[in-house]
Structure formats: structure tokens, C-alpha cells
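S.K.: Just one file: input.cif, with mmCIF, C-alpha atoms.
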data_start
#
loop_
_atom_site.group_PDB
_atom_site.id
_atom_site.type_symbol
_atom_site.label_atom_id
_atom_site.label_comp_id
_atom_site.auth_asym_id
_atom_site.auth_seq_id
_atom_site.Cartn_x
_atom_site.Cartn_y
_atom_site.Cartn_z
ATOM 1 C CA MET W 1 -6.237 -31.021 -49.492
ATOM 2 C CA SER W 2 -8.724 -33.253 -51.245
ATOM 3 C CA ASP W 3 -9.089 -36.158 -48.840
ATOM 4 C CA SER W 4 -12.571 -37.350 -49.728
ATOM 5 C CA ALA W 5 -11.735 -40.888 -48.544
ATOM 6 C CA GLY W 6 -11.620 -39.612 -44.932
ATOM 7 C CA ALA W 7 -15.217 -38.413 -45.251
ATOM 8 C CA LEU W 8 -16.624 -41.847 -46.107
ATOM 9 C CA ARG W 9 -18.505 -43.628 -43.316
ATOM 10 C CA GLU W 10 -19.927 -47.118 -43.031
ATOM 11 C CA PRO W 11 -22.106 -48.649 -44.449
ATOM 12 C CA TRP W 12 -21.654 -46.724 -47.705
ATOM 13 C CA GLN W 13 -19.311 -47.821 -50.485
ATOM 14 C CA THR W 14 -18.945 -44.434 -52.170
ATOM 15 C CA LEU W 15 -19.109 -40.813 -51.103
ATOM 16 C CA PRO W 16 -21.939 -39.847 -53.535
ATOM 17 C CA GLU W 17 -24.092 -42.663 -52.043
ATOM 18 C CA GLN W 18 -23.356 -41.380 -48.545
ATOM 19 C CA ALA W 19 -24.096 -37.784 -49.547
ATOM 20 C CA ASP W 20 -27.421 -38.849 -51.131
ATOM 21 C CA ALA W 21 -28.438 -40.697 -47.967
ATOM 22 C CA ALA W 22 -27.392 -37.806 -45.706
ATOM 23 C CA THR W 23 -29.323 -35.271 -47.798
ATOM 24 C CA PHE W 24 -32.411 -37.510 -47.819
ATOM 25 C CA GLY W 25 -32.097 -37.958 -44.038
ATOM 26 C CA ILE W 26 -31.935 -34.245 -43.299
ATOM 27 C CA TRP W 27 -34.875 -33.545 -45.616
ATOM 28 C CA LEU W 28 -36.965 -36.134 -43.729
ATOM 29 C CA PHE W 29 -36.000 -34.310 -40.545
ATOM 30 C CA ILE W 30 -36.821 -30.919 -42.117
ATOM 31 C CA ALA W 31 -40.258 -32.205 -43.212
ATOM 32 C CA SER W 32 -40.938 -33.310 -39.622
ATOM 33 C CA GLU W 33 -39.755 -29.917 -38.335
ATOM 34 C CA VAL W 34 -42.064 -28.167 -40.801
ATOM 35 C CA LEU W 35 -44.960 -30.089 -39.248
ATOM 36 C CA PHE W 36 -43.754 -29.248 -35.738
ATOM 37 C CA PHE W 37 -43.596 -25.510 -36.444
ATOM 38 C CA ALA W 38 -46.800 -25.638 -38.514
ATOM 39 C CA ALA W 39 -48.674 -26.720 -35.376
ATOM 40 C CA PHE W 40 -47.601 -23.447 -33.735
ATOM 41 C CA PHE W 41 -48.475 -21.426 -36.839
ATOM 42 C CA MET W 42 -51.867 -23.145 -36.907
ATOM 43 C CA ALA W 43 -52.529 -22.267 -33.263
ATOM 44 C CA PHE W 44 -51.428 -18.690 -33.918
ATOM 45 C CA ALA W 45 -53.678 -18.378 -37.002
ATOM 46 C CA TYR W 46 -56.648 -19.843 -35.108
ATOM 47 C CA LEU W 47 -56.258 -17.395 -32.216
ATOM 48 C CA ARG W 48 -55.692 -14.454 -34.536
ATOM 49 C CA ILE W 49 -58.870 -15.173 -36.508
ATOM 50 C CA ILE W 50 -60.895 -15.304 -33.279
ATOM 51 C CA HIS W 51 -59.226 -12.231 -31.700
ATOM 52 C CA PRO W 52 -58.098 -9.935 -34.564
ATOM 53 C CA GLN W 53 -58.194 -6.627 -32.628
ATOM 54 C CA GLU W 54 -56.418 -7.977 -29.568
ATOM 55 C CA PHE W 55 -53.711 -9.577 -31.722
ATOM 56 C CA ALA W 56 -53.169 -6.364 -33.708
ATOM 57 C CA LEU W 57 -52.850 -4.362 -30.483
ATOM 58 C CA ALA W 58 -50.435 -6.876 -28.969
ATOM 59 C CA SER W 59 -48.383 -7.166 -32.173
ATOM 60 C CA GLY W 60 -47.992 -3.367 -32.205
ATOM 61 C CA ARG W 61 -46.201 -3.597 -28.831
ATOM 62 C CA THR W 62 -43.433 -5.933 -30.066
ATOM 63 C CA GLY W 63 -39.890 -4.704 -30.769
ATOM 64 C CA LEU W 64 -40.078 -4.066 -34.512
ATOM 65 C CA ALA W 65 -36.502 -2.754 -34.787
ATOM 66 C CA TYR W 66 -35.101 -5.849 -33.042
ATOM 67 C CA GLY W 67 -37.182 -8.180 -35.203
ATOM 68 C CA THR W 68 -36.236 -6.462 -38.460
ATOM 69 C CA LEU W 69 -32.535 -6.355 -37.593
ATOM 70 C CA ASN W 70 -32.644 -10.040 -36.670
ATOM 71 C CA THR W 71 -34.305 -10.905 -39.986
ATOM 72 C CA VAL W 72 -31.479 -9.137 -41.861
ATOM 73 C CA LEU W 73 -28.894 -10.994 -39.741
ATOM 74 C CA LEU W 74 -30.459 -14.391 -40.409
ATOM 75 C CA LEU W 75 -30.965 -13.828 -44.146
ATOM 76 C CA THR W 76 -27.303 -12.803 -44.368
ATOM 77 C CA SER W 77 -26.248 -15.870 -42.385
ATOM 78 C CA SER W 78 -28.120 -18.076 -44.869
ATOM 79 C CA LEU W 79 -26.062 -16.469 -47.640
ATOM 80 C CA THR W 80 -22.748 -17.091 -45.836
ATOM 81 C CA MET W 81 -23.739 -20.667 -44.953
ATOM 82 C CA THR W 82 -24.749 -21.455 -48.546
ATOM 83 C CA LEU W 83 -21.495 -19.974 -49.806
ATOM 84 C CA ALA W 84 -19.599 -22.133 -47.282
ATOM 85 C CA THR W 85 -21.133 -25.243 -48.866
ATOM 86 C CA ARG W 86 -20.210 -23.973 -52.343
ATOM 87 C CA ALA W 87 -16.609 -23.323 -51.214
ATOM 88 C CA ALA W 88 -16.455 -26.807 -49.659
ATOM 89 C CA ALA W 89 -17.744 -28.410 -52.865
ATOM 90 C CA LEU W 90 -14.973 -26.633 -54.798
ATOM 91 C CA ASP W 91 -12.363 -27.747 -52.248
ATOM 92 C CA LEU W 92 -11.600 -24.156 -51.184
ATOM 93 C CA ARG W 93 -10.734 -24.583 -47.516
ATOM 94 C CA ARG W 94 -9.892 -21.003 -46.510
ATOM 95 C CA PRO W 95 -13.064 -19.351 -47.899
ATOM 96 C CA CYS W 96 -15.061 -22.195 -46.349
ATOM 97 C CA ILE W 97 -13.576 -21.561 -42.887
ATOM 98 C CA GLY W 98 -14.158 -17.798 -43.183
ATOM 99 C CA LEU W 99 -17.771 -18.254 -44.278
ATOM 100 C CA LEU W 100 -18.532 -20.771 -41.524
ATOM 101 C CA GLY W 101 -17.019 -18.300 -39.029
ATOM 102 C CA ALA W 102 -19.165 -15.473 -40.462
ATOM 103 C CA THR W 103 -22.274 -17.659 -40.099
ATOM 104 C CA VAL W 104 -21.443 -18.320 -36.443
ATOM 105 C CA ALA W 105 -20.879 -14.578 -35.848
ATOM 106 C CA LEU W 106 -24.211 -13.647 -37.485
ATOM 107 C CA GLY W 107 -26.089 -16.359 -35.563
ATOM 108 C CA ALA W 108 -24.504 -15.197 -32.293
ATOM 109 C CA ALA W 109 -25.436 -11.585 -33.143
ATOM 110 C CA PHE W 110 -29.057 -12.755 -33.598
ATOM 111 C CA LEU W 111 -29.020 -14.236 -30.090
ATOM 112 C CA VAL W 112 -27.557 -11.029 -28.607
ATOM 113 C CA VAL W 113 -30.246 -8.889 -30.285
ATOM 114 C CA LYS W 114 -32.929 -11.358 -29.160
ATOM 115 C CA GLY W 115 -31.550 -11.115 -25.613
ATOM 116 C CA PHE W 116 -31.939 -7.305 -25.644
ATOM 117 C CA GLU W 117 -35.450 -7.702 -27.048
ATOM 118 C CA TYR W 118 -36.456 -10.218 -24.358
ATOM 119 C CA SER W 119 -35.046 -7.889 -21.713
ATOM 120 C CA ASP W 120 -37.185 -5.011 -23.090
ATOM 121 C CA ASP W 121 -40.253 -7.283 -23.236
ATOM 122 C CA LEU W 122 -39.788 -8.272 -19.600
ATOM 123 C CA ASP W 123 -39.328 -4.621 -18.550
ATOM 124 C CA LYS W 124 -42.645 -3.802 -20.255
ATOM 125 C CA HIS W 125 -44.404 -6.770 -18.598
ATOM 126 C CA LEU W 126 -45.208 -8.218 -22.019
ATOM 127 C CA TYR W 127 -45.937 -11.690 -20.702
ATOM 128 C CA PRO W 128 -49.214 -13.253 -19.569
ATOM 129 C CA GLY W 129 -50.159 -12.678 -15.945
ATOM 130 C CA PRO W 130 -50.711 -9.844 -13.451
ATOM 131 C CA GLY W 131 -49.369 -6.454 -14.592
ATOM 132 C CA PHE W 132 -49.913 -7.164 -18.299
ATOM 133 C CA PRO W 133 -50.200 -3.690 -19.897
ATOM 134 C CA ILE W 134 -52.992 -4.310 -22.464
ATOM 135 C CA PRO W 135 -56.451 -4.364 -20.836
ATOM 136 C CA LEU W 136 -57.784 -7.084 -23.168
ATOM 137 C CA ALA W 137 -57.456 -10.668 -21.941
ATOM 138 C CA ALA W 138 -56.951 -12.189 -25.405
ATOM 139 C CA ALA W 139 -53.867 -9.989 -26.014
ATOM 140 C CA GLN W 140 -52.162 -12.226 -23.454
ATOM 141 C CA LEU W 141 -52.740 -15.160 -25.810
ATOM 142 C CA PHE W 142 -50.612 -13.379 -28.413
ATOM 143 C CA PHE W 143 -47.740 -13.080 -25.970
ATOM 144 C CA SER W 144 -48.018 -16.659 -24.745
ATOM 145 C CA ALA W 145 -47.691 -17.734 -28.407
ATOM 146 C CA TYR W 146 -44.871 -15.187 -28.930
ATOM 147 C CA TRP W 147 -42.793 -16.531 -26.052
ATOM 148 C CA ALA W 148 -43.397 -20.196 -26.902
ATOM 149 C CA ILE W 149 -42.576 -19.886 -30.609
ATOM 150 C CA THR W 150 -39.594 -17.547 -30.278
ATOM 151 C CA VAL W 151 -38.006 -19.531 -27.428
ATOM 152 C CA ILE W 152 -38.352 -22.750 -29.448
ATOM 153 C CA HIS W 153 -36.834 -20.941 -32.421
ATOM 154 C CA VAL W 154 -33.947 -19.700 -30.259
ATOM 155 C CA ILE W 155 -33.319 -23.288 -29.100
ATOM 156 C CA HIS W 156 -33.207 -24.440 -32.744
ATOM 157 C CA LEU W 157 -30.882 -21.596 -33.674
ATOM 158 C CA SER W 158 -28.583 -22.323 -30.718
ATOM 159 C CA LEU W 159 -28.297 -25.976 -31.744
ATOM 160 C CA GLY W 160 -27.516 -24.830 -35.292
ATOM 161 C CA LEU W 161 -24.902 -22.459 -33.931
ATOM 162 C CA VAL W 162 -23.179 -25.318 -32.092
ATOM 163 C CA ALA W 163 -23.282 -27.472 -35.254
ATOM 164 C CA VAL W 164 -21.865 -24.715 -37.501
ATOM 165 C CA GLY W 165 -19.262 -23.762 -34.869
ATOM 166 C CA ARG W 166 -18.158 -27.402 -34.666
ATOM 167 C CA LEU W 167 -17.827 -27.516 -38.462
ATOM 168 C CA ALA W 168 -15.766 -24.280 -38.464
ATOM 169 C CA VAL W 169 -13.348 -25.710 -35.896
ATOM 170 C CA GLN W 170 -13.080 -29.102 -37.572
ATOM 171 C CA VAL W 171 -12.615 -27.667 -41.069
ATOM 172 C CA GLY W 172 -10.148 -25.115 -39.633
ATOM 173 C CA ARG W 173 -8.061 -27.880 -38.075
ATOM 174 C CA ALA W 174 -8.396 -29.984 -41.247
ATOM 175 C CA VAL W 175 -9.951 -32.752 -39.124
ATOM 176 C CA LEU W 176 -13.058 -32.762 -41.316
ATOM 177 C CA PRO W 177 -12.594 -33.282 -45.073
ATOM 178 C CA LEU W 178 -14.341 -30.673 -47.223
ATOM 179 C CA ALA W 179 -16.079 -33.510 -49.060
ATOM 180 C CA SER W 180 -17.954 -34.502 -45.898
ATOM 181 C CA PRO W 181 -21.767 -34.353 -46.339
ATOM 182 C CA GLN W 182 -21.950 -32.865 -42.819
ATOM 183 C CA ILE W 183 -21.377 -29.388 -44.268
ATOM 184 C CA GLU W 184 -24.331 -29.584 -46.678
ATOM 185 C CA VAL W 185 -26.594 -31.213 -44.075
ATOM 186 C CA THR W 186 -25.821 -28.522 -41.484
ATOM 187 C CA ALA W 187 -26.434 -25.790 -44.082
ATOM 188 C CA LEU W 188 -29.875 -27.231 -44.884
ATOM 189 C CA TYR W 189 -30.781 -27.226 -41.193
ATOM 190 C CA TRP W 190 -29.533 -23.626 -40.874
ATOM 191 C CA SER W 191 -31.716 -22.501 -43.779
ATOM 192 C CA LEU W 192 -34.738 -24.162 -42.154
ATOM 193 C CA VAL W 193 -34.149 -22.119 -38.984
ATOM 194 C CA ASP W 194 -33.954 -18.987 -41.158
ATOM 195 C CA MET W 195 -37.155 -19.937 -43.028
ATOM 196 C CA VAL W 196 -39.115 -20.346 -39.811
ATOM 197 C CA TRP W 197 -37.989 -16.888 -38.687
ATOM 198 C CA VAL W 198 -38.933 -15.318 -42.031
ATOM 199 C CA LEU W 199 -42.498 -16.611 -41.527
ATOM 200 C CA LEU W 200 -42.604 -15.537 -37.866
ATOM 201 C CA TYR W 201 -41.498 -11.973 -38.680
ATOM 202 C CA PRO W 202 -44.779 -10.701 -40.250
ATOM 203 C CA LEU W 203 -46.950 -12.624 -37.767
ATOM 204 C CA ILE W 204 -45.183 -11.295 -34.683
ATOM 205 C CA TYR W 205 -43.920 -7.864 -35.635
ATOM 206 C CA LEU W 206 -45.928 -6.443 -38.536
ATOM 207 C CA GLY W 207 -49.474 -6.544 -37.120
ATOM 208 C CA GLY W 208 -51.125 -3.362 -35.847
ATOM 209 C CA ARG W 209 -48.660 -0.937 -37.454
ATOM 210 C CA SER W 210 -50.798 0.884 -40.026
ATOM 211 C CA MET R 1 5.683 -31.559 -61.891
ATOM 212 C CA SER R 2 5.061 -31.438 -58.138
ATOM 213 C CA ASP R 3 1.566 -31.962 -56.681
ATOM 214 C CA GLU R 4 1.521 -28.316 -55.647
ATOM 215 C CA ALA R 5 2.184 -27.132 -59.203
ATOM 216 C CA ALA R 6 -0.401 -29.540 -60.634
ATOM 217 C CA ARG R 7 -3.002 -28.232 -58.179
ATOM 218 C CA ALA R 8 -2.503 -24.518 -58.909
ATOM 219 C CA PRO R 9 -4.536 -24.288 -62.168
ATOM 220 C CA ASP R 10 -7.349 -26.370 -60.572
ATOM 221 C CA GLU R 11 -7.492 -24.040 -57.622
ATOM 222 C CA ALA R 12 -7.558 -20.957 -59.842
ATOM 223 C CA ALA R 13 -10.460 -22.472 -61.819
ATOM 224 C CA ALA R 14 -12.277 -23.346 -58.579
ATOM 225 C CA LYS R 15 -11.840 -19.779 -57.304
ATOM 226 C CA ARG R 16 -13.228 -18.360 -60.546
ATOM 227 C CA ARG R 17 -16.210 -20.670 -60.320
ATOM 228 C CA PHE R 18 -16.722 -19.717 -56.669
ATOM 229 C CA ARG R 19 -16.738 -15.998 -57.543
ATOM 230 C CA GLY R 20 -19.454 -16.674 -60.132
ATOM 231 C CA GLN R 21 -21.565 -18.558 -57.575
ATOM 232 C CA LEU R 22 -20.981 -15.801 -55.013
ATOM 233 C CA ALA R 23 -22.331 -13.192 -57.434
ATOM 234 C CA GLY R 24 -25.474 -15.282 -58.087
ATOM 235 C CA ASP R 25 -26.120 -15.963 -54.401
ATOM 236 C CA ALA R 26 -25.495 -12.301 -53.504
ATOM 237 C CA LEU R 27 -28.240 -11.328 -55.983
ATOM 238 C CA VAL R 28 -30.656 -13.722 -54.281
ATOM 239 C CA TRP R 29 -29.664 -12.227 -50.912
ATOM 240 C CA LEU R 30 -30.405 -8.719 -52.249
ATOM 241 C CA ALA R 31 -33.798 -9.953 -53.486
ATOM 242 C CA LEU R 32 -34.473 -11.398 -50.003
ATOM 243 C CA LEU R 33 -33.627 -8.047 -48.388
ATOM 244 C CA GLY R 34 -35.781 -6.248 -50.983
ATOM 245 C CA LEU R 35 -38.746 -8.481 -50.109
ATOM 246 C CA LEU R 36 -38.127 -7.813 -46.410
ATOM 247 C CA ALA R 37 -38.120 -4.037 -47.056
ATOM 248 C CA ALA R 38 -41.343 -4.358 -49.087
ATOM 249 C CA SER R 39 -42.954 -6.321 -46.277
ATOM 250 C CA PHE R 40 -41.848 -3.711 -43.697
ATOM 251 C CA GLY R 41 -43.299 -0.937 -45.902
ATOM 252 C CA ALA R 42 -46.553 -2.841 -46.490
ATOM 253 C CA ALA R 43 -47.094 -3.129 -42.713
ATOM 254 C CA PHE R 44 -47.377 0.679 -42.492
ATOM 255 C CA ALA R 45 -49.389 1.132 -45.717
ATOM 256 C CA PRO R 46 -53.162 1.663 -45.542
ATOM 257 C CA LEU R 47 -54.014 -1.828 -46.800
ATOM 258 C CA GLY R 48 -56.651 -2.470 -44.142
ATOM 259 C CA ARG R 49 -57.464 -6.114 -43.628
ATOM 260 C CA PHE R 50 -55.156 -7.142 -46.482
ATOM 261 C CA THR R 51 -51.998 -6.051 -44.607
ATOM 262 C CA LEU R 52 -51.199 -9.416 -43.042
ATOM 263 C CA GLY R 53 -51.975 -11.270 -46.282
ATOM 264 C CA VAL R 54 -49.598 -9.057 -48.270
ATOM 265 C CA CYS R 55 -46.835 -9.334 -45.642
ATOM 266 C CA LEU R 56 -47.282 -13.119 -45.446
ATOM 267 C CA GLY R 57 -47.229 -13.370 -49.254
ATOM 268 C CA LEU R 58 -43.904 -11.525 -49.302
ATOM 269 C CA ALA R 59 -42.598 -13.844 -46.540
ATOM 270 C CA LEU R 60 -43.649 -16.882 -48.598
ATOM 271 C CA ALA R 61 -41.729 -15.457 -51.581
ATOM 272 C CA GLN R 62 -38.660 -15.251 -49.310
ATOM 273 C CA VAL R 63 -39.219 -18.839 -48.154
ATOM 274 C CA ALA R 64 -39.485 -19.961 -51.804
ATOM 275 C CA LEU R 65 -36.184 -18.239 -52.674
ATOM 276 C CA LEU R 66 -34.465 -19.773 -49.639
ATOM 277 C CA GLY R 67 -35.795 -23.233 -50.496
ATOM 278 C CA LEU R 68 -35.221 -23.170 -54.242
ATOM 279 C CA VAL R 69 -31.785 -21.511 -54.297
ATOM 280 C CA PHE R 70 -30.088 -21.725 -50.896
ATOM 281 C CA MET R 71 -31.490 -25.184 -50.112
ATOM 282 C CA HIS R 72 -30.970 -26.324 -53.725
ATOM 283 C CA LEU R 73 -34.545 -27.571 -54.258
ATOM 284 C CA ARG R 74 -34.358 -26.096 -57.769
ATOM 285 C CA HIS R 75 -31.953 -28.879 -58.774
ATOM 286 C CA ALA R 76 -33.102 -31.511 -56.259
ATOM 287 C CA ARG R 77 -33.600 -35.191 -57.095
ATOM 288 C CA THR R 78 -37.195 -36.428 -57.279
ATOM 289 C CA LEU R 79 -36.876 -38.174 -53.899
ATOM 290 C CA ILE R 80 -35.834 -34.936 -52.162
ATOM 291 C CA ALA R 81 -38.531 -32.880 -53.916
ATOM 292 C CA LEU R 82 -41.143 -35.462 -52.853
ATOM 293 C CA THR R 83 -39.910 -35.412 -49.246
ATOM 294 C CA ALA R 84 -40.059 -31.610 -49.071
ATOM 295 C CA GLY R 85 -43.443 -31.653 -50.852
ATOM 296 C CA ALA R 86 -44.849 -34.281 -48.464
ATOM 297 C CA GLY R 87 -44.196 -31.973 -45.497
ATOM 298 C CA LEU R 88 -46.102 -29.183 -47.229
ATOM 299 C CA VAL R 89 -49.029 -31.467 -48.160
ATOM 300 C CA PHE R 90 -49.456 -32.561 -44.517
ATOM 301 C CA VAL R 91 -49.345 -28.926 -43.403
ATOM 302 C CA ALA R 92 -51.954 -28.039 -46.028
ATOM 303 C CA VAL R 93 -54.240 -30.823 -44.734
ATOM 304 C CA MET R 94 -53.921 -29.559 -41.157
ATOM 305 C CA PHE R 95 -54.591 -25.915 -42.099
ATOM 306 C CA THR R 96 -57.445 -26.689 -44.499
ATOM 307 C CA PHE R 97 -59.458 -28.882 -42.170
ATOM 308 C CA THR R 98 -58.825 -26.847 -39.022
ATOM 309 C CA LEU R 99 -59.817 -23.611 -40.775
ATOM 310 C CA ASN R 100 -62.811 -25.338 -42.408
ATOM 311 C CA ASP R 101 -64.077 -25.999 -38.930
ATOM 312 C CA LEU R 102 -63.279 -22.495 -37.687
ATOM 313 C CA PHE R 103 -64.835 -20.623 -40.612
ATOM 314 C CA THR R 104 -68.071 -22.606 -40.390
ATOM 315 C CA ARG R 105 -68.433 -21.592 -36.719
ATOM 316 C CA VAL R 106 -67.345 -17.926 -36.519
#
Would you write the structure of this file as C-alpha cells?
M.R.:
Amino acid sequence: MSDSAGALREPWQTLPEQADAATFGIWLFIASEVLFFAAFFMAFAYLRIIHPQEFALASGRTGLAYGTLNTVLLLTSSLTMTLATRAAALDLRRPCIGLLGATVALGAAFLVVKGFEYSDDLDKHLYPGPGFPIPLAAAQLFFSAYWAITVIHVIHLSLGLVAVGRLAVQVGRAVLPLASPQIEVTALYWSLVDMVWVLLYPLIYLGGRS
Amino acid sequence: MSDEAARAPDEAAAKRRFRGQLAGDALVWLALLGLLAASFGAAFAPLGRFTLGVCLGLALAQVALLGLVFMHLRHARTLIALTAGAGLVFVAVMFTFTLNDLFTRV
């Protein structure tokens, strides 16, 4: 089914014009998101430079296995999401549906793993406040940054999951034409969420291991 | 010739093209996993104070692959490249001037 006319929205006259505008729009949004996350990275870098020992100690307490597994899941989901856009561009509906479904499954698996990790963190009192297990005050700063950044990342990922899930359903029911720029735009957002995680991984999990 | 019959050769060509793209993207994915494994290994290596720098460098290589290939920046129009670049320039300004301040105090 090649019903590109159904994908066209006002005020655009042609689908390529609409796709150009949609791609430009999402990149403006991505640039603003880069600044948003960079503020957190900046704060993290600042604190780490002032408290290197405390941050290394705290980082060594994080769930490395969970973090590594989640990185593999997200990198794989970026592959499936990119392939979904390629299938859509070639008008291959069935592979596109399967790949969107795989992306949703991998994103959901990330959230499940993150849930187990949070549960472990809470059991070990790895949050600022009374009962914190590391006897160095600044180590609590690491975990306040850890919770803030990872929860914000989880929120971003959950929104992405809803967007990709919606695409999977709409493409599956043939409600959304494969030519719709929504597929490409959602894929770009999904890759951004993956990128942020890739940068968080060494900062959160790889300190204090050697 | 029915529409269905006319479509068949197109679809076969599209599937062939898709398989080619899949192979290319799968290679990039393997490279991403390789960089992740290298970063994991580097964290346990006796690199001293260079550990985080090496791990972050490997993460930036992953980010570059994701951006250039999976987010299509490699073939992006000038407008898109400028938009993505503008975000990075603003980040660079924030990091440079904040760290300038920090390094002249500590």
C-alpha cells in the first residue's frame, strides 16, 4: 500500500516539503534537549572534579551488570528503530511493523532492568539521607545526580516508548501511511534517548572499578 | 496486468535493497557493541587517572556513530547539520567557561 497522499498535512503542498519541515523541527527539539541534558552533565563534571575520590567510591557501588545490559538493549533498539525507518522508506509494511514491535520490546526490557536496579539501589540505601552506606558526605552528591539524571532519562524513554508503540499500532492497522514523516521523527528522538544513555554509562557505572 | 502483478518486481527490489541496508546497519551495531566492550574493559584496566577519559572517548565514538549513521547526519542537509552543530557549540561554550572558572580556583 503506497498511500503517501494520506500522510500529507496542512499547510504543506508536497510530502518532501512536509518531511523536510518535520526533520528540521525534531532537530531543533534535539538541540534543545542536548542543552537540557548538558546542564546535568556539566553539574556532574563539576562535582566529580571537586570530589574525585568520593565519586569513584560511589560509582563503584552502582549496578554495573544492570547498566551494561541496558546499554546493549538500547543500542540494539536503535538498530531496530533505524531499520524500521528504512523499511518504511522502501514501503515494506510487514518488516516495519516487526521492527517497531522489536523496538518497543527492547525499550520495555530496559525499563524492567532499570526497575530491578532501582530496587537493588533502594535495598542498599544508595540515596542521599540517613543510612547512606558510604561514610563520605560528597558521595551522596553522586547519588543525588544519579537519581535525577536516570529518572529524567527514564521519563524520556517512556515517552519514546509510547510514541513508538503508537506508531507500531497505527502502521499495523494501516491507519498511518508508511510515507508519514512521523516514523523518521520518532526514530530520531529514540536515537537521542539512546545517545544520552551511552554518555551516562561511563559516568555512572565505570568509575572506581580498576 | 493487475496492480498486484505490477507491484511484485518493485517489492522484490525493495526487499533486496532493505537486506543490503540491514547488513550495513548491523555492522554499525556490532561496532557499537565492540566500543561498549572496549569501554567496559578499559574501566578495569590500570589506566589510573586516564580511565574516565578513555571510557568517555569510547562513548563519544559511539555517539558519533549513532549520529552519523543511525540519525543520518552523514547525509544531512546543511540546515540540519547546522542545527545539530549549534546545539554542540552552545554546550561547548557552557563547558568551556564553567570549567575555566573551576580550574582557576581548584
S.K.: Nearest to chain R: which of W:Phe24, W:Phe29, W:Phe41, W:Trp197 is it, counting only C-alpha atoms?
M.R.: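 Looking only at the distances to chain R, the closest residue turns out to be W:Phe24.
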S.K.: Pick the closest to Gln21 of chain R from R:Val89, R:Ala81, R:Leu99, R:Val69: which is it, counting only C-alpha atoms?
M.R.: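 Closest residue, counting only C-alpha atoms: R:Val69.
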S.K.: Starting from the point (-38.4, -28.7, -51.3), work out which residues of protein, DNA or RNA have an atom no more than 6 Å away when counting all atoms listed in the file; state them as a PyMOL selection string.
M.R.: chain R and resi 73+81+84-85
S.K.: How far is it from atom CA of Ala148 of chain W to atom CA of Arg61 of chain W, in Å with one decimal?
M.R.: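 So the answer is 16.9 Å.
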S.K.: Pull out every residue of chain R sitting within 9 Å of chain W, counting all atoms listed in the file, and send them as a ChimeraX atom specification.
M.R.: /R:11,14-15,17-18,21-22,25-26,28-29,32-33,36,39-40,42-48,51-52,55-56,59-60,62-63,66-67,70-72,79-80,83-88,90-91,94-95,98-99,102,106
S.K.: Extending 8 Å beyond the listed atoms of segment 8-19 of chain W on each side, what axis-aligned box results? I want centre and edge lengths in Å to one decimal, as lines of an AutoDock Vina configuration file.
M.R.:
center_x = -20.4
center_y = -43.2
center_z = -48.3
size_x = 23.5
size_y = 26.9
size_z = 26.5
S.K.: Evaluating the PyMOL selection byres ((chain W and resi 150) around 10) on the displayed file yields which residues, as a PyMOL selection string?
M.R.: chain W and resi 114+118+145-149+151-156+196-197+200+204
S.K.: Atom CA of Gln182 of chain W to atom CA of Phe110 of chain W: how many Å, to one decimal?
M.R.: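 Separation between atom CA of Gln182 of chain W and atom CA of Phe110 of chain W: 23.2 Å.
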S.K.: Go ahead and compute the interatomic distance for atom CA of Ala102 of chain W and atom CA of Leu73 of chain W, in Å to one decimal.
M.R.: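 Interatomic distance, atom CA of Ala102 of chain W to atom CA of Leu73 of chain W: 10.7 Å.
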S.K.: Can you turn the PyMOL selection byres ((chain W and resi 170) around 12) into a concrete residue list for this file, as a PyMOL selection string?
M.R.: chain W and resi 93+96-97+100-101+163-169+171-178+180+182-183
S.K.: Tell me, as an MDAnalysis selection string, which residues lie within 10 Å of Tyr127 of chain W, counting all atoms listed in the file; anything in the same chain fewer than 4 positions away does not count.
M.R.: chainID W and resid 121:123 131:133 139:147
S.K.: Please, can segment 147-158 of chain W be completed to N, CA, C and O atoms and returned as a CSV table (one decimal), keeping the file's coordinate frame?
M.R.:
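Output file selection-v3.csv follows:
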chain,number,residue,atom,x,y,z
W,147,TRP,N,-43.9,-16.0,-26.9
W,147,TRP,CA,-42.8,-16.5,-26.1
W,147,TRP,C,-42.5,-18.0,-26.4
W,147,TRP,O,-41.4,-18.4,-26.6
W,148,ALA,N,-43.6,-18.8,-26.6
W,148,ALA,CA,-43.4,-20.2,-26.9
W,148,ALA,C,-42.7,-20.4,-28.2
W,148,ALA,O,-41.6,-21.1,-28.3
W,149,ILE,N,-43.2,-19.7,-29.3
W,149,ILE,CA,-42.6,-19.9,-30.6
W,149,ILE,C,-41.2,-19.3,-30.7
W,149,ILE,O,-40.3,-20.0,-31.2
W,150,THR,N,-40.9,-18.1,-30.1
W,150,THR,CA,-39.6,-17.5,-30.3
W,150,THR,C,-38.6,-18.3,-29.4
W,150,THR,O,-37.4,-18.5,-29.9
W,151,VAL,N,-39.0,-18.8,-28.2
W,151,VAL,CA,-38.0,-19.5,-27.4
W,151,VAL,C,-37.6,-20.8,-28.1
W,151,VAL,O,-36.5,-21.2,-28.2
W,152,ILE,N,-38.6,-21.5,-28.7
W,152,ILE,CA,-38.4,-22.8,-29.4
W,152,ILE,C,-37.5,-22.5,-30.7
W,152,ILE,O,-36.5,-23.2,-31.0
W,153,HIS,N,-37.7,-21.3,-31.3
W,153,HIS,CA,-36.8,-20.9,-32.4
W,153,HIS,C,-35.4,-20.7,-31.9
W,153,HIS,O,-34.4,-21.1,-32.6
W,154,VAL,N,-35.3,-20.0,-30.8
W,154,VAL,CA,-33.9,-19.7,-30.3
W,154,VAL,C,-33.2,-21.0,-29.9
W,154,VAL,O,-32.0,-21.1,-30.2
W,155,ILE,N,-34.0,-22.0,-29.4
W,155,ILE,CA,-33.3,-23.3,-29.1
W,155,ILE,C,-32.8,-23.9,-30.4
W,155,ILE,O,-31.7,-24.4,-30.5
W,156,HIS,N,-33.6,-23.9,-31.4
W,156,HIS,CA,-33.2,-24.4,-32.7
W,156,HIS,C,-32.0,-23.7,-33.3
W,156,HIS,O,-31.0,-24.3,-33.8
W,157,LEU,N,-32.0,-22.4,-33.2
W,157,LEU,CA,-30.9,-21.6,-33.7
W,157,LEU,C,-29.6,-21.9,-32.9
W,157,LEU,O,-28.5,-22.0,-33.4
W,158,SER,N,-29.8,-22.0,-31.5
W,158,SER,CA,-28.6,-22.3,-30.7
W,158,SER,C,-28.0,-23.7,-31.1
W,158,SER,O,-26.7,-23.8,-31.1
